[in-house]
Amino acid sequence: MELPQDPFMLMSAVNMYLRDRYQSLDELCSDLNIDRKELEEKLMKAGFEYSEENNKFW
């Protein structure tokens with residue numbers, strides 16, 4: 001599966017998956033074979049930060 005490259009679309013897609021399918025970012029990254037650090041860095045550059053407590057980026 002390919003995630004969007006646009007950081008705002010990416011954040012939206014990742015949050016949808018976290019809400020609907022995955023209990024954690026680690027679970028999502030493992031299942032979709034995504035490097036968590038790269039994902040977080042890309043979204044951080046756009047101003048988004050992951051909250052483990054809320055299981056979403058904002």
# chains A, B, ... in the order shown; residues from 1 in each chain; ligands from 1

$ select_by_dssp --residues "chain A" --states "helix (DSSP H, G or I)" --output "MDAnalysis selection string"
chainID A and resid 7:20 25:32 36:45

$ select_by_dssp --residues "chain A" --states "strand (DSSP E or B)" --output "list in words"
Tyr50, Ser51, Lys56 and Phe57 of chain A

$ residues_around --residues "Trp58 of chain A" --least-positions-apart "4" --cutoff "7 Å" --atoms "only C-alpha atoms" --output "list in words"
Phe48, Glu49 and Tyr50 of chain A

$ write_last_selection --atoms "N, CA, C and O atoms" --output "PDB file, in the first residue's frame"
ATOM      1  N   PHE A  48       3.477  18.580  12.387  1.00  0.00           N
ATOM      2  CA  PHE A  48       2.659  17.605  13.103  1.00  0.00           C
ATOM      3  C   PHE A  48       3.512  16.789  14.063  1.00  0.00           C
ATOM      4  O   PHE A  48       4.654  16.460  13.772  1.00  0.00           O
ATOM      5  N   GLU A  49       2.919  16.443  15.186  1.00  0.00           N
ATOM      6  CA  GLU A  49       3.605  15.652  16.203  1.00  0.00           C
ATOM      7  C   GLU A  49       2.688  14.500  16.617  1.00  0.00           C
ATOM      8  O   GLU A  49       1.481  14.678  16.736  1.00  0.00           O
ATOM      9  N   TYR A  50       3.277  13.327  16.845  1.00  0.00           N
ATOM     10  CA  TYR A  50       2.499  12.165  17.250  1.00  0.00           C
ATOM     11  C   TYR A  50       2.262  12.176  18.753  1.00  0.00           C
ATOM     12  O   TYR A  50       3.174  12.410  19.537  1.00  0.00           O
TER      13      TYR A  50
END

$ atom_distance --atom1 "atom CA of Leu32 of chain A" --atom2 "atom CA of Pro7 of chain A"
17.4 Å

$ residues_around --residues "Pro4 of chain A" --least-positions-apart "2" --cutoff "12 Å" --atoms "only C-alpha atoms" --output "ChimeraX atom specification"
/A:1-2,6-14,39,42-43

$ write_last_selection --atoms "N, CA, C and O atoms" --output "short mmCIF file (atom, residue, chain, number, x, y, z; two decimals), in the first residue's frame"
data_model
loop_
_atom_site.label_atom_id
_atom_site.label_comp_id
_atom_site.auth_asym_id
_atom_site.auth_seq_id
_atom_site.Cartn_x
_atom_site.Cartn_y
_atom_site.Cartn_z
N MET A 1 0.82 -1.17 0.00
CA MET A 1 0.00 0.00 0.00
C MET A 1 0.87 1.24 0.00
O MET A 1 1.85 1.32 0.71
N GLU A 2 0.48 2.21 -0.78
CA GLU A 2 1.25 3.45 -0.87
C GLU A 2 0.48 4.58 -0.20
O GLU A 2 -0.70 4.79 -0.48
N ASP A 6 1.97 14.06 -0.03
CA ASP A 6 1.67 15.37 0.54
C ASP A 6 1.52 15.21 2.06
O ASP A 6 0.77 14.36 2.53
N PRO A 7 2.26 16.01 2.85
CA PRO A 7 2.25 15.82 4.30
C PRO A 7 0.88 15.98 4.94
O PRO A 7 0.56 15.28 5.92
N PHE A 8 0.02 16.85 4.41
CA PHE A 8 -1.30 17.03 5.00
C PHE A 8 -2.21 15.85 4.68
O PHE A 8 -2.96 15.38 5.55
N MET A 9 -2.12 15.35 3.48
CA MET A 9 -2.88 14.15 3.10
C MET A 9 -2.34 12.93 3.84
O MET A 9 -3.10 12.06 4.26
N LEU A 10 -1.02 12.87 4.00
CA LEU A 10 -0.38 11.77 4.72
C LEU A 10 -0.86 11.75 6.17
O LEU A 10 -1.23 10.69 6.69
N MET A 11 -0.86 12.91 6.83
CA MET A 11 -1.32 12.98 8.22
C MET A 11 -2.77 12.52 8.33
O MET A 11 -3.12 11.75 9.21
N SER A 12 -3.59 12.95 7.41
CA SER A 12 -5.00 12.56 7.42
C SER A 12 -5.16 11.05 7.25
O SER A 12 -5.92 10.40 7.97
N ALA A 13 -4.42 10.48 6.30
CA ALA A 13 -4.51 9.03 6.04
C ALA A 13 -4.00 8.23 7.23
O ALA A 13 -4.64 7.25 7.66
N VAL A 14 -2.86 8.64 7.79
CA VAL A 14 -2.29 7.93 8.93
C VAL A 14 -3.24 8.01 10.12
O VAL A 14 -3.50 6.99 10.79
N LEU A 39 8.64 8.47 8.86
CA LEU A 39 7.27 8.98 8.85
C LEU A 39 7.13 10.15 9.82
O LEU A 39 6.59 11.20 9.47
N LYS A 42 8.97 13.27 8.50
CA LYS A 42 8.26 13.92 7.41
C LYS A 42 7.09 14.75 7.94
O LYS A 42 6.88 15.89 7.53
N LEU A 43 6.35 14.18 8.87
CA LEU A 43 5.21 14.89 9.42
C LEU A 43 5.64 16.02 10.36
O LEU A 43 4.98 17.05 10.42
#

$ atom_distance --atom1 "atom CA of Phe57 of chain A" --atom2 "atom CA of Met44 of chain A"
9.3 Å
